[in-house]
Amino acid sequence: MSEKGNDSTLVNDIQETVIEIKKELHKRIIGQERVIDDLLACFFSGGHCLLIGVPGLAKTMLVSSLSQCLDLSFNRIQFTPDLMPADITGSEILFEERASGTREFRFVKGPIFSHIILADEINRTPPKTQSALLQAMQELEVTCSGTTYALPKPFWVLATQNPIEQEGTYPLPEAQQDRFMFSVEIDYPNRNDEIEIVKRTTTPQKETISSVLTAADLLAYRDLLWRVPVAEFVVTHAVQLARSSRPDDPLCPEAVKGLLTWGAGPRASQFLILAAKAYALLDGRATPDNNDVDKAAYAVLRHRLVRSFNAEADDISANDIVRMLIENQNTKVGA
């Protein structure tokens, strides 16, 4: 079979796999369709994800349930103020051979050596410990005493953060937030979903989640994603959208210039295209369009925008600014 034929089969396989994953997730997760779509798009793209939401919205359960759908190793790291970098990456420990009495240092791997890492409440640990995780996210390896250890592939980090709790927290600097491909906001469920949540969680639970996806399947899907063709006008749309967030750029709308002190860098343009490809594949389409870029814009851009004092004083959120940028870009495209 030709590569084109193989790719066509993989596109269908991805769509069927996504349907199965959602079916398994909905055994425990009620609603949250947008959040699940964003998580899966980020996952298949190979990027890391920052989950933002107040306590009690099942962020941890969502990640744990998703890991059970995947035949991949999973570790949860609870970030606390006293957590040290070695608690994440591992450290060298002195071992003694009983028979010979010789001693040697051996590296004992930390919980980060897993396919999926849940960094729970990442903003509750100091920057030194945060950086240990973020280095691994960027380099996909850990170095200890001059020796470098490769992390398993695929490697995916999901970090949760509470947006309302400030005391005893260490917010991620903008440069560190940029390491995350997506920032996904989880909101309260609607009335009907909340009623169903209460019904399910106050009675005995019998359903178990089945594994749907293997590591080999995922790597094949990610390889396909990189081969997905993208039209020139879609790339242009993504680049101009990212550039329009920079207040000093001519593409930035006048209405937005006073709302930002810093915009998204080139990494955002790259992530917009990768995410657009993922949304297209998850929907069974072989190539993305501008709507896929716009769909990805909120998750890709919101945590990369540094709002000005005026925007904060007028209670203009990053989501409001992203919406303004999308509307401005689409007005130009339609003109």
# chains A, B, ... in the order shown; residues from 1 in each chain; ligands from 1

$ residues_around --residues "Glu207 in chain A" --least-positions-apart "6" --cutoff "12 Å" --atoms "only C-alpha atoms" --output "JSON, numbers by chain"
{"A": [23, 24, 25, 26, 27, 28, 65, 200]}

$ write_last_selection --atoms "C-alpha atoms" --output "PDB file, in the first residue's frame"
ATOM      1  CA  LYS A  23     -16.593   6.808  25.272  1.00  0.00           C
ATOM      2  CA  GLU A  24     -14.315   5.513  28.033  1.00  0.00           C
ATOM      3  CA  LEU A  25     -13.837   8.968  29.583  1.00  0.00           C
ATOM      4  CA  HIS A  26     -17.561   9.586  29.781  1.00  0.00           C
ATOM      5  CA  LYS A  27     -17.888   6.632  32.109  1.00  0.00           C
ATOM      6  CA  ARG A  28     -16.550   9.010  34.760  1.00  0.00           C
ATOM      7  CA  SER A  65      -9.100   8.678  33.675  1.00  0.00           C
ATOM      8  CA  ARG A 200     -23.117   9.187  39.675  1.00  0.00           C
TER       9      ARG A 200
END

$ select_by_dssp --residues "range 210-331 of chain A" --states "strand (DSSP E)" --output "PDB file with C-alpha atoms, in the first residue's frame"
ATOM      1  CA  LEU A 213      -4.325   3.382  22.743  1.00  0.00           C
ATOM      2  CA  THR A 214      -0.786   1.955  22.879  1.00  0.00           C
ATOM      3  CA  LEU A 260      -0.872  44.350  26.240  1.00  0.00           C
ATOM      4  CA  THR A 261       2.687  44.863  27.374  1.00  0.00           C
ATOM      5  CA  TRP A 262       3.926  41.647  25.773  1.00  0.00           C
ATOM      6  CA  VAL A 306       0.990  39.838  29.365  1.00  0.00           C
ATOM      7  CA  ARG A 307      -1.838  42.274  30.010  1.00  0.00           C
TER       8      ARG A 307
END

$ residues_around --residues "Ala136 in chain A" --least-positions-apart "4" --cutoff "9 Å" --atoms "only C-alpha atoms" --output "ChimeraX atom specification"
/A:89,112,131-132,140-142,151

$ closest_residue --among "A:Asp217, A:Met137, A:Tyr279, A:Ile14" --to "Ala297 in chain A" --atoms "only C-alpha atoms"
A:Tyr279

$ select_by_dssp --residues "range 65-228 of chain A" --states "helix (DSSP H, G or I)" --output "PyMOL selection string"
chain A and resi 65-69+85-89+122-124+127-139+174-177+191-201+215-227

$ closest_residue --among "A:Thr129, A:Thr236, A:Gln68, A:Ser100" --to "Asp87 in chain A" --atoms "only C-alpha atoms"
A:Thr129

$ closest_residue --among "A:Leu225, A:Leu301, A:Ile52, A:Ala86" --to "Leu282 in chain A" --atoms "only C-alpha atoms"
A:Leu225

$ closest_residue --among "A:Ile30, A:Ile19, A:Ala299, A:Leu172" --to "Ala58 in chain A" --atoms "only C-alpha atoms"
A:Ile30

$ residues_around --residues "range 181-185 of chain A" --least-positions-apart "3" --cutoff "10 Å" --atoms "only C-alpha atoms" --output "ChimeraX atom specification"
/A:34-36,38-39,41-43,45-54,158-161,163,177-178,267-268,270-272,274-275,296-304

$ closest_residue --among "A:Ser211, A:Gln176, A:Ser308, A:Thr125" --to "Cys69 in chain A" --atoms "only C-alpha atoms"
A:Ser211

$ closest_residue --among "A:Thr201, A:Leu57, A:Ala255, A:Gly265" --to "Gly31 in chain A" --atoms "only C-alpha atoms"
A:Leu57

$ residues_around --residues "Ala238 in chain A" --least-positions-apart "4" --cutoff "12 Å" --atoms "only C-alpha atoms" --output "NGL selection string"
:A and (230-234 or 242-245 or 264-277 or 288-297 or 300-301 or 325-326 or 329-330 or 333)

$ atom_distance --atom1 "CA of Asn12 in chain A" --atom2 "CA of Leu40 in chain A"
15.7 Å

$ atom_distance --atom1 "CA of Pro247 in chain A" --atom2 "CA of Asp187 in chain A"
29.2 Å

$ decode --residues "range 203-290 of chain A" --atoms "C-alpha atoms" --output "compact mmCIF listing (two decimals), in the first residue's frame"
# COMPACT_ATOMS: atom_id res chain seq x y z
CA THR A 203 -23.87 5.77 44.28
CA PRO A 204 -21.57 2.73 43.92
CA GLN A 205 -19.36 2.91 40.81
CA LYS A 206 -18.94 -0.34 38.88
CA GLU A 207 -17.70 0.72 35.46
CA THR A 208 -13.98 0.51 34.77
CA ILE A 209 -12.06 2.32 32.06
CA SER A 210 -10.48 0.18 29.35
CA SER A 211 -7.22 0.88 27.55
CA VAL A 212 -7.69 2.12 23.99
CA LEU A 213 -4.33 3.38 22.74
CA THR A 214 -0.79 1.96 22.88
CA ALA A 215 2.49 3.87 22.81
CA ALA A 216 3.28 2.50 19.32
CA ASP A 217 -0.10 3.69 18.01
CA LEU A 218 0.41 7.13 19.49
CA LEU A 219 3.88 7.54 17.99
CA ALA A 220 2.49 6.54 14.58
CA TYR A 221 -0.30 9.11 14.94
CA ARG A 222 2.15 11.83 15.95
CA ASP A 223 4.35 10.98 12.99
CA LEU A 224 1.31 11.34 10.73
CA LEU A 225 0.47 14.71 12.27
CA TRP A 226 3.87 16.09 11.25
CA ARG A 227 3.22 14.97 7.66
CA VAL A 228 -0.20 16.59 7.42
CA PRO A 229 -0.10 19.22 4.65
CA VAL A 230 -1.15 22.77 5.52
CA ALA A 231 -2.22 25.35 2.95
CA GLU A 232 -0.14 28.52 2.71
CA PHE A 233 -3.08 30.74 3.65
CA VAL A 234 -3.61 28.74 6.87
CA VAL A 235 0.05 29.17 7.88
CA THR A 236 -0.20 32.87 7.09
CA HIS A 237 -3.37 33.15 9.17
CA ALA A 238 -1.67 31.50 12.17
CA VAL A 239 1.48 33.64 11.93
CA GLN A 240 -0.45 36.88 11.54
CA LEU A 241 -2.71 35.98 14.44
CA ALA A 242 0.29 35.41 16.72
CA ARG A 243 2.08 38.54 15.48
CA SER A 244 -1.03 40.65 16.02
CA SER A 245 -0.70 39.96 19.76
CA ARG A 246 2.57 41.91 19.91
CA PRO A 247 1.79 45.54 20.76
CA ASP A 248 4.76 46.88 18.76
CA ASP A 249 3.86 44.96 15.61
CA PRO A 250 2.01 46.79 12.79
CA LEU A 251 -0.49 43.90 12.69
CA CYS A 252 -1.62 44.60 16.26
CA PRO A 253 -5.06 46.29 16.26
CA GLU A 254 -5.17 49.77 17.76
CA ALA A 255 -7.85 48.63 20.21
CA VAL A 256 -5.46 45.98 21.57
CA LYS A 257 -2.17 47.91 21.70
CA GLY A 258 -3.01 49.55 25.03
CA LEU A 259 -4.15 46.25 26.56
CA LEU A 260 -0.87 44.35 26.24
CA THR A 261 2.69 44.86 27.37
CA TRP A 262 3.93 41.65 25.77
CA GLY A 263 2.60 39.26 23.16
CA ALA A 264 3.13 35.70 21.95
CA GLY A 265 6.43 34.61 20.39
CA PRO A 266 7.17 32.41 17.37
CA ARG A 267 6.54 29.28 19.43
CA ALA A 268 2.86 30.27 19.51
CA SER A 269 2.77 30.33 15.69
CA GLN A 270 4.21 26.83 15.60
CA PHE A 271 1.76 25.54 18.20
CA LEU A 272 -1.19 27.10 16.38
CA ILE A 273 -0.36 25.05 13.28
CA LEU A 274 0.33 21.83 15.19
CA ALA A 275 -2.91 22.21 17.14
CA ALA A 276 -4.86 22.99 13.96
CA LYS A 277 -3.50 19.79 12.41
CA ALA A 278 -4.57 17.85 15.50
CA TYR A 279 -8.11 19.26 15.49
CA ALA A 280 -8.44 18.34 11.82
CA LEU A 281 -7.23 14.78 12.37
CA LEU A 282 -9.45 14.29 15.42
CA ASP A 283 -12.35 15.36 13.20
CA GLY A 284 -11.37 12.94 10.44
CA ARG A 285 -10.09 15.62 8.04
CA ALA A 286 -6.76 15.35 6.22
CA THR A 287 -5.82 19.03 6.41
CA PRO A 288 -6.73 21.97 8.68
CA ASP A 289 -8.34 25.29 7.82
CA ASN A 290 -8.48 28.73 9.43
